[in-house]
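**Q** One structure, as structure tokens, below. Some questions next.
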Amino acid sequence: MKSLKKLLDKARPAFEPGGKLHAFHSVFDGFDTFLFTPKETSRSGVHIHDSMDSKRTMIIVIAALLPCLLFGMYNTGYQHWIATGATEFPFWQLFFYGFLAVLPRIAVSYLVGLGIEFTVAQWRKEEIQEGFLVTGILIPMICPIETPLWMIAVATAFSVIFVKEVFGGTGYNIFNVALVTRAFLFFAYPAKMSGDSVFVALNPVFGLGGEVADGFTGATPLGQIATSGATSHSELAQAMTTLTHEPLSTWDMFLGLIPGSFGETSTLCILIGAFILLATGIASWRIILSVFAGGAVMSLIANWGATPTYPASFLSVGDQLCLGGFAFAAVFMASDPVTSCRTNTGKYIYGFLVGVFAILIRTYNNGYPEGAMLAVLLMNAFAPLIDYCVVEANVRRRMRRTRA
Amino acid sequence: MSIGIKVKRGLDLRLEGGVADTSAITAKPTRTVAVIPDDFPGLVPKMDVREGDRVASGQPLFHDKARPSIKVCSPASGLVKAVVRGERRKILRIEVEVDGSVSTTHDTTGVFADASKAKSLLLESGLWAMMNQRPYAIVPDTEAAIRDIFISGFDSAPLAVAPCELSDAGKEQMKAGIRLLGLLTKGKVYLSRRPCQLFPMLDGAETVTIEGPHPSGNTGTLIALTKPVNKGETVLCLDLPTLLRIGATALTGIVPMETTVALTGSEIKEPKMVSTLIGASIEALLDGEVKADGKHHRIISGNVLTGITTPADGYLHLPYTQVTVIPEGDDVDEFMGWASVSPSKMSVSRSFPSWFLGKRLFNPDARLLGGRRAMIMSGEYDKVMPMDILPEYLIKAILARDIDRMEQLGIYEVAPEDFALAEYADTSKLELQKIVREGLDYLRKELE
């Protein structure tokens with residue numbers, strides 16, 4: 001490590017004002033502080049600081065995403081193998097197929113996003129902030145695997161610039177950056193973001209995998225429901241099948257070996273991630289718990305008044321919570337500290353409403369098979385209002401004391 | 001009467017270098033003492049003495065420009081060696097070379113019966129300037145009507161020593177101090193204590209027993225949990241040493257300038273209690289006490305949360321009765337410190353192994369351990385602030401210089417020290433105490 005430190009120290013003067021490479025100062029600084037803890041000591045106020053910093057916070061979120069990411073790689077391969085009509089499923093081949101399929105998407109997302117972040121940091125003469133480390137991995141995880149790379153690039157650039165940087169960077173954004181990327185794709189290129197041919201990888205990657213037969217359809221369970229026209233719970237259960245046309249149980253939905261956006265099919269892996277986030281205290285249990293509570297309550301209501309007009313209303317509570325992006329949104333999207341409510345009371349209300357709206361949109365709007373993304377974005381917009389009401393309660397308490 | 005309160009939201013930092021034997025006190029005479037005008041927030045010093053003058057202990061060195069009755073007195077008798085000035089001739093400190101032991105004696109007749117006499121004794125003796133007021137956390141205004149008086153009976157700061165025992169003389173001083181202070185307010189005198197502290201029967205004081213972690217010993221916490229300050233009200237705040245000094249002065253006419261200081265911190269060879277004078281030189285206090293381990297040291301007048309960085313040739317700041325020496329840390333190369341799983345990393349976060357490794361002690365250095373960021377995580381401040389305040393929103397209102405919002409969110413109830421733990425725990429490493437201080441000063445400038 002000493003030699004690395006020496007190398008950095010030797011290179012530093014070139015990046016300082018007047019140096020040849022000053023234009024890349026932020027990049028150098030970013031790598032330097034990443035590799036070695038800054039030596040800056042406190043100038044005012046407290047003399048010691050907690051060892052926790054935003055780098056560690058972000059990396060823990062990434063660690064929590066890893067189970068979903070790894071599972072997503074396997075599942076992508078698995079769904080592809082099924083689609084090609086294979087009968088044998090060699091684990092490592094499946095996994096590598098998924099790995100190779102998702103790698104370019106992760107690379108594009110990071111390249112575009114970090115490129116913009118580095119440029120803006122350099123332009124503003126600020127340190128590089130870590131926020132995009134998480135966003136960059138989230139974007140490929142919440143998109144269908146067949147999303148073209150250029151679309152990911154365009155959508156990432158759009159949201160990093162117009163959702164984050166124009167507001168001032170990490171910590172100042174109103175909407176969740178990764179979700180806006182998803183929403184941008186959803187509304188700009190609807191044909192590529194929904195339907196029955198985008199959620200399963202269709203082409204061989206580097207010689208792995210095979211060709212999928214023409215006319216193959218690989219709809220997600222929620223997609224199947226939307227087009228099923230089911231009039232009862234049992235009809236609905238028949239409509240939901242795996243790619244091999246076998247009926248889908250709640251356990252299948254929980255494990256997640258089903259078609260869907262890359263990282264969000266396995267509720268089990270999402271719960272492992274949730275455990276990591278809650279055990280380390282990074283995410284707010286208030287939000288995560290209330291999203292599930294809100295989703296459960298809304299599912300019960302929908303199920304109680306189930307009607308053939310809205311086939312999804314026949315789904316049981318367990319199915320509702322396991323299907324689609326609901327669990328993923330609850331754990332990784334709604335709990336984003338920047339765009340959610342900041343007061344404790346607000347977190348309960350915010351989370352509950354995210355859950356309610358996710359199921360509400362999914363069930364009662366046939367145009368959108370999934371509602372989690374829109375629910376979180378909608379509540380992002382309302383989070384400041386909820387907080388405002390909670391803060392006003394504190395203010396009123398204070399004012400009443402003055403009058404008394 | 002007595003009130004019992006349990007503080008839940010707070011944090012006791014587990015630091016190495018606590019004083020093991022608090023009863024053994026070593027004498028550490030100092031050859032020079034200094035008075036530092038910056039230790040008296042809200043005062044603009046106007047000198048009463050010049051370099052080369054001889055002063056007695058307790059004789060005024062300077063007074064406040066706007067309120068000339070507020071005086072700050074010399075902690076020792078001797079020669080005014082230097083009036084050190086900085087940029088724009090700002091007075092940085094007044095150094096007095098200690099020789100002889102001539103003390104100023106104040107007239108104490110009628111101080112227990114007449115409020116104006118009690119007040120003028122405090123002003124003349126310099127004890128007024130050792131107190132603090134809310135709002136603004138400054139030296140108390142002489143004109144304002146004092147709603148209540150809050151006395152912190154113990155110091156809960158990291159490594160601070162808060163003895164349970166009080167000497168007989170101390171008990172008498174306490175009684176006298178409370179009697180005298182009681183004259184200054186129409187309200188009550190609140191005195192906080194730890195459950196182990198057995199105070200004498202005190203007429204005219206409401207004892208508040210506070211259990212729980214720091215900041216349970218801050219006056220801000222005491223006020224917040226008993227009777228918060230509202231707009232337009234002024235309360236007086238002081239600590240136990242000042243109360244005892246007030247009592248002693250009322251009884252004898254002479255301000256005791258001796259103080260007991262705890263030498264603490266991981267870089268002190270053998271943490272101990274020493275007796276010296278207010279404003280003693282750090283050189284005298286730390287002579288032979290600091291480890292010679294080749295590390296860069298940070299000497300702090302006070303504790304690691306609110307204390308003031310002091311050079312090795314500096315002086316002990318008021319109101320602190322503690323000197324902490326920790327490693328500076330600017331000579332440490334740490335590879336990927338953010339990824340560390342070392343059990344020696346101190347943190348409130350459960351992502352470090354230290355939280356399940358039991359009650360171990362830490363020796364952190366002065367590094368920020370991360371980059372300064374915008375406020376990202378939510379709820380971090382609330383966990384260590386036992387007040388009905390929404391710290392994130394108050395900080396934002398201060399940064400926006402929004403006076404109405406600051407008032408609504410309770411700026412009058414807080415002092416910078418109330419935000420110290422939040423500043424420690426903040427992952428975004430924001431300078432909260434500095435922000436609050438600037439906010440209070442801004443508010444005072446705009447409203448007065």
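Each chain in the structure tokens gets a letter, A, B, ..., in the order shown, and its residues are numbered from 1; ligands are numbered from 1 in order too.
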Select from chain A every residue with an atom at most 9 Å from any atom of chain B, then for each give the shortest pair of atoms and their distance in Å to one decimal, using only C-alpha atoms, rows by chain and rising number, as CSV.
**A**
residue,atom,partner,partner_atom,distance
A:Met1,CA,B:Phe335,CA,7.2
A:Lys2,CA,B:Asp333,CA,8.6
A:Lys5,CA,B:Asp333,CA,8.1
A:Thr33,CA,B:Met336,CA,8.1
A:Phe34,CA,B:Met336,CA,6.2
A:Leu35,CA,B:Met336,CA,4.8
A:Phe36,CA,B:Phe335,CA,4.5
A:Thr37,CA,B:Gly337,CA,5.3
A:Pro38,CA,B:Gly370,CA,6.6
A:Lys39,CA,B:Asp330,CA,4.9
A:Glu40,CA,B:Arg367,CA,5.6
A:Thr41,CA,B:Arg367,CA,3.9
A:Ser42,CA,B:Leu368,CA,5.8
A:Arg43,CA,B:Thr309,CA,8.5
A:Ser44,CA,B:Lys434,CA,6.8
A:Gly45,CA,B:Gln433,CA,5.5
A:Val46,CA,B:Leu305,CA,4.3
A:His47,CA,B:Val304,CA,5.1
A:Ile48,CA,B:Ala366,CA,4.8
A:His49,CA,B:Tyr424,CA,4.7
A:Asp50,CA,B:Ser347,CA,4.9
A:Ser51,CA,B:Ser347,CA,5.3
A:Met52,CA,B:Thr427,CA,5.6
A:Asp53,CA,B:Thr427,CA,4.5
A:Ser54,CA,B:Thr427,CA,5.9
A:Lys55,CA,B:Trp338,CA,6.3
A:Arg56,CA,B:Trp338,CA,5.2
A:Thr57,CA,B:Thr427,CA,8.3
A:Ile59,CA,B:Ala339,CA,8.2
A:Ile60,CA,B:Ser351,CA,8.2
A:Glu127,CA,B:Gly371,CA,7.9
A:Gln129,CA,B:Arg373,CA,7.6
A:Gly169,CA,B:Ala374,CA,8.6
A:Thr170,CA,B:Ala374,CA,7.1
A:Gly171,CA,B:Ile376,CA,5.0
A:Tyr172,CA,B:Ala374,CA,7.4
A:Ala279,CA,B:Arg350,CA,6.9
A:Thr280,CA,B:Arg350,CA,4.7
A:Gly281,CA,B:Arg350,CA,6.4
A:Ile282,CA,B:Met377,CA,8.2
A:Ala283,CA,B:Met377,CA,8.9
A:Ser284,CA,B:Ser378,CA,8.7
A:Asp336,CA,B:Met377,CA,8.7
A:Pro337,CA,B:Met377,CA,5.5
A:Val338,CA,B:Ile376,CA,5.6
A:Cys341,CA,B:Ser378,CA,8.3
A:Arg342,CA,B:Ser378,CA,5.3
A:Thr343,CA,B:Gly379,CA,7.0
A:Asn344,CA,B:Gly379,CA,7.3
A:Val391,CA,B:Leu390,CA,7.5
A:Glu392,CA,B:Gln408,CA,8.8
A:Asn394,CA,B:Leu409,CA,7.5
A:Val395,CA,B:Gln408,CA,5.4
A:Arg396,CA,B:Gln408,CA,8.3
A:Arg398,CA,B:Gln408,CA,7.2
A:Met399,CA,B:Gln408,CA,7.5
A:Arg401,CA,B:Asn230,CA,7.4
A:Thr402,CA,B:Asn230,CA,5.7
**Q** Enumerate as an mmCIF file with N, CA, C and O atoms, in the first residue's frame all residues of region 293-434 of chain B assigned to strand (DSSP E) by DSSP on the backbone, naming them with the chain letters and numbers the document uses.
**A**
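Output contents, as saved in states28.cif:
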data_model
loop_
_atom_site.group_PDB
_atom_site.id
_atom_site.type_symbol
_atom_site.label_atom_id
_atom_site.label_comp_id
_atom_site.auth_asym_id
_atom_site.auth_seq_id
_atom_site.Cartn_x
_atom_site.Cartn_y
_atom_site.Cartn_z
ATOM 1 N N HIS B 297 -0.138 15.552 18.097
ATOM 2 C CA HIS B 297 -1.156 15.619 19.146
ATOM 3 C C HIS B 297 -2.115 16.772 18.921
ATOM 4 O O HIS B 297 -1.744 17.798 18.377
ATOM 5 N N ARG B 298 -3.317 16.576 19.377
ATOM 6 C CA ARG B 298 -4.276 17.677 19.406
ATOM 7 C C ARG B 298 -4.614 17.926 20.860
ATOM 8 O O ARG B 298 -5.112 17.033 21.553
ATOM 9 N N ILE B 299 -4.316 19.125 21.320
ATOM 10 C CA ILE B 299 -4.619 19.498 22.702
ATOM 11 C C ILE B 299 -5.927 20.272 22.694
ATOM 12 O O ILE B 299 -6.080 21.228 21.938
ATOM 13 N N ILE B 300 -6.851 19.814 23.519
ATOM 14 C CA ILE B 300 -8.167 20.440 23.548
ATOM 15 C C ILE B 300 -8.437 20.999 24.939
ATOM 16 O O ILE B 300 -8.340 20.276 25.921
ATOM 17 N N SER B 301 -8.751 22.283 25.006
ATOM 18 C CA SER B 301 -9.263 22.847 26.243
ATOM 19 C C SER B 301 -10.707 22.416 26.324
ATOM 20 O O SER B 301 -11.531 22.893 25.556
ATOM 21 N N ILE B 308 -11.985 23.490 22.749
ATOM 22 C CA ILE B 308 -11.332 24.379 21.794
ATOM 23 C C ILE B 308 -9.905 23.885 21.571
ATOM 24 O O ILE B 308 -9.182 23.621 22.531
ATOM 25 N N THR B 309 -9.519 23.760 20.297
ATOM 26 C CA THR B 309 -8.154 23.367 19.983
ATOM 27 C C THR B 309 -7.200 24.421 20.527
ATOM 28 O O THR B 309 -7.380 25.609 20.264
ATOM 29 N N GLN B 322 -11.315 20.773 32.035
ATOM 30 C CA GLN B 322 -10.827 19.526 31.462
ATOM 31 C C GLN B 322 -9.879 19.859 30.322
ATOM 32 O O GLN B 322 -10.102 20.822 29.595
ATOM 33 N N VAL B 323 -8.803 19.084 30.234
ATOM 34 C CA VAL B 323 -7.928 19.181 29.065
ATOM 35 C C VAL B 323 -7.861 17.790 28.468
ATOM 36 O O VAL B 323 -7.626 16.815 29.181
ATOM 37 N N THR B 324 -8.121 17.671 27.162
ATOM 38 C CA THR B 324 -8.094 16.364 26.505
ATOM 39 C C THR B 324 -7.004 16.390 25.446
ATOM 40 O O THR B 324 -6.903 17.351 24.686
ATOM 41 N N VAL B 325 -6.184 15.355 25.418
ATOM 42 C CA VAL B 325 -5.166 15.251 24.378
ATOM 43 C C VAL B 325 -5.425 13.966 23.595
ATOM 44 O O VAL B 325 -5.484 12.878 24.166
ATOM 45 N N ILE B 326 -5.636 14.130 22.286
ATOM 46 C CA ILE B 326 -5.878 12.972 21.417
ATOM 47 C C ILE B 326 -4.913 13.041 20.240
ATOM 48 O O ILE B 326 -4.312 14.082 19.997
ATOM 49 N N PRO B 327 -4.737 11.940 19.496
ATOM 50 C CA PRO B 327 -3.887 12.020 18.302
ATOM 51 C C PRO B 327 -4.566 12.916 17.263
ATOM 52 O O PRO B 327 -5.790 12.895 17.139
#
**Q** Between CA of Leu316 (chain B) and CA of Ser156 (chain B), what is the distance in Å, rounded to a tenth?
**A**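 Here the two named atoms are 19.3 Å from each other.
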**Q** Using only C-alpha atoms, which of B:Leu222, B:Leu166, B:Leu122, B:Leu181 sits nearest Phe199 (chain B)?
**A**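 Between B:Leu222, B:Leu166, B:Leu122, B:Leu181, the residue approaching Phe199 (chain B) most closely is B:Leu166.
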**Q** Near Trp285 (chain A), counting only C-alpha atoms, which residues have an atom at most 12 Å away, once you skip same-chain residues fewer than 3 positions from it, shown as number ranges by chain?
**A** A: 274-282, 288-293, 330-332, 334-337, 344, 347-348, 351; B: 379
**Q** What does the distance between CA of Glu172 (chain B) and CA of Lys28 (chain B) come to in Å, to one decimal place?
**A**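 We find that CA of Glu172 (chain B) and CA of Lys28 (chain B) lie 26.2 Å from each other.
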**Q** I'd like the contact shell of Gly367 (chain A) - 12 Å cut-off, only C-alpha atoms, skipping same-chain residues fewer than 5 positions apart - returned as an MDAnalysis selection string.
**A** chainID A and resid 186:187 190 194:195 222:223 226:227 310 361:362
**Q** I'd like the contact shell of Lys186 (chain B) - 12 Å cut-off, only C-alpha atoms, skipping same-chain residues fewer than 2 positions apart - returned as a short mmCIF file (atom, residue, chain, number, x, y, z; two decimals) with N, CA and C atoms, in the first residue's frame.
**A**
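Result written to result_31.cif:
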data_model
loop_
_atom_site.label_atom_id
_atom_site.label_comp_id
_atom_site.auth_asym_id
_atom_site.auth_seq_id
_atom_site.Cartn_x
_atom_site.Cartn_y
_atom_site.Cartn_z
N ALA B 115 -31.78 42.23 45.78
CA ALA B 115 -31.48 41.71 44.45
C ALA B 115 -30.46 42.56 43.71
N ALA B 145 -35.37 40.57 32.06
CA ALA B 145 -36.00 39.91 33.21
C ALA B 145 -35.71 38.42 33.11
N ILE B 146 -35.15 37.86 34.17
CA ILE B 146 -34.77 36.44 34.11
C ILE B 146 -35.94 35.58 34.54
N ARG B 147 -36.41 34.73 33.59
CA ARG B 147 -37.58 33.90 33.88
C ARG B 147 -37.24 32.84 34.92
N ASP B 148 -36.19 32.05 34.65
CA ASP B 148 -35.75 31.01 35.56
C ASP B 148 -34.23 30.92 35.49
N ILE B 149 -33.68 30.18 36.46
CA ILE B 149 -32.24 29.94 36.43
C ILE B 149 -32.00 28.44 36.38
N LEU B 181 -28.74 33.55 43.98
CA LEU B 181 -29.32 33.51 42.64
C LEU B 181 -30.85 33.61 42.68
N GLY B 182 -31.43 33.05 43.76
CA GLY B 182 -32.88 33.08 43.88
C GLY B 182 -33.43 34.50 43.86
N LEU B 183 -32.61 35.47 44.28
CA LEU B 183 -33.06 36.85 44.29
C LEU B 183 -33.19 37.44 42.88
N LEU B 184 -32.48 36.82 41.93
CA LEU B 184 -32.41 37.42 40.60
C LEU B 184 -33.62 37.10 39.73
N LYS B 188 -38.08 30.05 39.10
CA LYS B 188 -37.45 29.05 39.94
C LYS B 188 -35.97 28.93 39.61
N VAL B 189 -35.24 28.30 40.56
CA VAL B 189 -33.86 27.93 40.30
C VAL B 189 -33.85 26.40 40.16
N GLY B 204 -35.34 26.96 47.98
CA GLY B 204 -35.44 27.83 46.81
C GLY B 204 -34.91 27.22 45.54
N THR B 234 -35.94 35.17 28.81
CA THR B 234 -34.52 34.99 29.02
C THR B 234 -34.32 34.12 30.25
N VAL B 235 -33.48 33.11 30.12
CA VAL B 235 -33.13 32.31 31.30
C VAL B 235 -31.61 32.34 31.47
#
**Q** For Ala191 (chain A), find every residue with an atom within 12 Å (counting only C-alpha atoms), except residues of its own chain fewer than 6 positions away, and show them as a PyMOL selection string.
**A** chain A and resi 144+146-148+185+197-199
**Q** Could those residues be written to a file, using N, CA and C atoms, as an mmCIF file, in the first residue's frame?
**A**
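Done, and the output landed in part31.cif:
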data_model
loop_
_atom_site.group_PDB
_atom_site.id
_atom_site.type_symbol
_atom_site.label_atom_id
_atom_site.label_comp_id
_atom_site.auth_asym_id
_atom_site.auth_seq_id
_atom_site.Cartn_x
_atom_site.Cartn_y
_atom_site.Cartn_z
ATOM 1 N N PRO A 144 -36.000 -4.170 -17.866
ATOM 2 C CA PRO A 144 -36.029 -5.482 -18.526
ATOM 3 C C PRO A 144 -34.674 -5.755 -19.143
ATOM 4 N N GLU A 146 -33.861 -6.967 -21.895
ATOM 5 C CA GLU A 146 -33.722 -6.693 -23.324
ATOM 6 C C GLU A 146 -33.700 -5.194 -23.648
ATOM 7 N N THR A 147 -33.661 -4.315 -22.631
ATOM 8 C CA THR A 147 -33.598 -2.878 -22.902
ATOM 9 C C THR A 147 -32.328 -2.561 -23.684
ATOM 10 N N PRO A 148 -32.447 -1.915 -24.857
ATOM 11 C CA PRO A 148 -31.242 -1.587 -25.635
ATOM 12 C C PRO A 148 -30.293 -0.681 -24.852
ATOM 13 N N LEU A 185 -37.775 5.695 -19.511
ATOM 14 C CA LEU A 185 -37.810 4.613 -20.494
ATOM 15 C C LEU A 185 -39.238 4.149 -20.721
ATOM 16 N N SER A 197 -42.057 -9.592 -24.742
ATOM 17 C CA SER A 197 -40.827 -10.021 -25.412
ATOM 18 C C SER A 197 -39.586 -9.299 -24.876
ATOM 19 N N VAL A 198 -39.716 -8.609 -23.753
ATOM 20 C CA VAL A 198 -38.546 -7.847 -23.278
ATOM 21 C C VAL A 198 -37.982 -8.388 -21.970
ATOM 22 N N PHE A 199 -38.759 -9.186 -21.255
ATOM 23 C CA PHE A 199 -38.324 -9.589 -19.925
ATOM 24 C C PHE A 199 -37.496 -10.875 -19.926
#
**Q** Please list as a ChimeraX atom specification every residue within 10 Å of region 322-327 of chain A, counting only C-alpha atoms and excluding residues in the same chain fewer than 3 positions away.
**A** /A:142,220-223,250-256,258-261,263-268,270-271,274,288,291-292,295,315,317-319,330-334,354-355,358-359,362,369-373,375-376
**Q** For each of A:Leu133, A:Ile128, A:Leu114, A:Ala329, take the minimum atom-to-atom distance to Ala153 (chain A), counting only C-alpha atoms, then give the residue where this is smallest.
**A**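 So, comparing all the options, the nearest one is A:Leu114.
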**Q** As a ChimeraX atom specification, please: every residue in region 71-314 of chain B that a backbone DSSP assignment puts in helix (DSSP H, G or I).
**A** /B:87-89,115-124,128-130,168-182,219-226,240-252,282-286
**Q** Write the residues of the selection above to a file with C-alpha atoms, as a PDB file, in the first residue's frame.
**A**
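Just written: out01.pdb:
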ATOM      1  CA  GLU B  87      -6.124  40.833  12.943  1.00  0.00           C
ATOM      2  CA  ARG B  88      -7.785  44.268  13.061  1.00  0.00           C
ATOM      3  CA  ARG B  89      -6.404  44.669  16.588  1.00  0.00           C
ATOM      4  CA  ALA B 115     -31.483  41.709  44.451  1.00  0.00           C
ATOM      5  CA  SER B 116     -29.665  44.748  43.102  1.00  0.00           C
ATOM      6  CA  LYS B 117     -26.782  44.219  45.533  1.00  0.00           C
ATOM      7  CA  ALA B 118     -26.606  40.547  44.582  1.00  0.00           C
ATOM      8  CA  LYS B 119     -26.505  41.448  40.923  1.00  0.00           C
ATOM      9  CA  SER B 120     -23.847  44.102  41.330  1.00  0.00           C
ATOM     10  CA  LEU B 121     -21.685  41.662  43.302  1.00  0.00           C
ATOM     11  CA  LEU B 122     -21.871  39.201  40.385  1.00  0.00           C
ATOM     12  CA  LEU B 123     -21.089  41.930  37.857  1.00  0.00           C
ATOM     13  CA  GLU B 124     -18.216  43.440  39.841  1.00  0.00           C
ATOM     14  CA  TRP B 128     -21.724  37.354  35.771  1.00  0.00           C
ATOM     15  CA  ALA B 129     -19.549  36.883  32.697  1.00  0.00           C
ATOM     16  CA  MET B 130     -19.021  33.232  33.625  1.00  0.00           C
ATOM     17  CA  ASP B 168     -18.828  20.434  53.543  1.00  0.00           C
ATOM     18  CA  ALA B 169     -17.496  23.779  52.403  1.00  0.00           C
ATOM     19  CA  GLY B 170     -18.913  23.067  48.977  1.00  0.00           C
ATOM     20  CA  LYS B 171     -22.330  22.363  50.479  1.00  0.00           C
ATOM     21  CA  GLU B 172     -22.314  25.718  52.261  1.00  0.00           C
ATOM     22  CA  GLN B 173     -21.230  27.457  49.067  1.00  0.00           C
ATOM     23  CA  MET B 174     -23.970  25.716  47.157  1.00  0.00           C
ATOM     24  CA  LYS B 175     -26.613  26.859  49.627  1.00  0.00           C
ATOM     25  CA  ALA B 176     -25.302  30.403  49.572  1.00  0.00           C
ATOM     26  CA  GLY B 177     -25.096  30.464  45.785  1.00  0.00           C
ATOM     27  CA  ILE B 178     -28.670  29.285  45.408  1.00  0.00           C
ATOM     28  CA  ARG B 179     -29.906  31.828  47.946  1.00  0.00           C
ATOM     29  CA  LEU B 180     -28.206  34.632  46.107  1.00  0.00           C
ATOM     30  CA  LEU B 181     -29.324  33.509  42.640  1.00  0.00           C
ATOM     31  CA  GLY B 182     -32.882  33.084  43.885  1.00  0.00           C
ATOM     32  CA  THR B 219     -28.089  23.022  30.670  1.00  0.00           C
ATOM     33  CA  GLY B 220     -29.820  22.919  27.277  1.00  0.00           C
ATOM     34  CA  THR B 221     -31.111  19.445  28.068  1.00  0.00           C
ATOM     35  CA  LEU B 222     -32.190  20.486  31.552  1.00  0.00           C
ATOM     36  CA  ILE B 223     -34.141  23.422  30.128  1.00  0.00           C
ATOM     37  CA  ALA B 224     -35.705  21.377  27.334  1.00  0.00           C
ATOM     38  CA  LEU B 225     -36.909  18.697  29.727  1.00  0.00           C
ATOM     39  CA  THR B 226     -38.272  21.024  32.397  1.00  0.00           C
ATOM     40  CA  LEU B 240     -21.676  23.729  39.228  1.00  0.00           C
ATOM     41  CA  PRO B 241     -18.178  25.291  39.558  1.00  0.00           C
ATOM     42  CA  THR B 242     -19.655  28.729  38.865  1.00  0.00           C
ATOM     43  CA  LEU B 243     -22.427  28.148  41.406  1.00  0.00           C
ATOM     44  CA  LEU B 244     -19.861  27.223  44.063  1.00  0.00           C
ATOM     45  CA  ARG B 245     -17.780  30.266  43.142  1.00  0.00           C
ATOM     46  CA  ILE B 246     -20.811  32.507  43.496  1.00  0.00           C
ATOM     47  CA  GLY B 247     -21.564  30.989  46.892  1.00  0.00           C
ATOM     48  CA  ALA B 248     -17.977  31.383  48.091  1.00  0.00           C
ATOM     49  CA  THR B 249     -17.847  34.982  46.922  1.00  0.00           C
ATOM     50  CA  ALA B 250     -21.119  35.799  48.646  1.00  0.00           C
ATOM     51  CA  LEU B 251     -19.805  34.278  51.867  1.00  0.00           C
ATOM     52  CA  THR B 252     -16.262  35.653  51.884  1.00  0.00           C
ATOM     53  CA  ILE B 282      -1.254  24.483  28.954  1.00  0.00           C
ATOM     54  CA  GLU B 283       2.521  24.158  29.192  1.00  0.00           C
ATOM     55  CA  ALA B 284       2.312  24.058  32.985  1.00  0.00           C
ATOM     56  CA  LEU B 285      -0.660  21.710  33.003  1.00  0.00           C
ATOM     57  CA  LEU B 286       0.749  19.203  30.546  1.00  0.00           C
TER      58      LEU B 286
END
**Q** Restricting the calculation to only C-alpha atoms, which member of A:Val160, A:Val102, A:Leu4, A:Leu66 is positioned closest to Ala201 (chain A)?
**A**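 Closest residue, counting only C-alpha atoms: A:Val102.
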**Q** Suppose you want the space between CA of Pro37 (chain B) and CA of Tyr136 (chain B); what is it in Å?
**A**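 It comes out at 17.1 Å.
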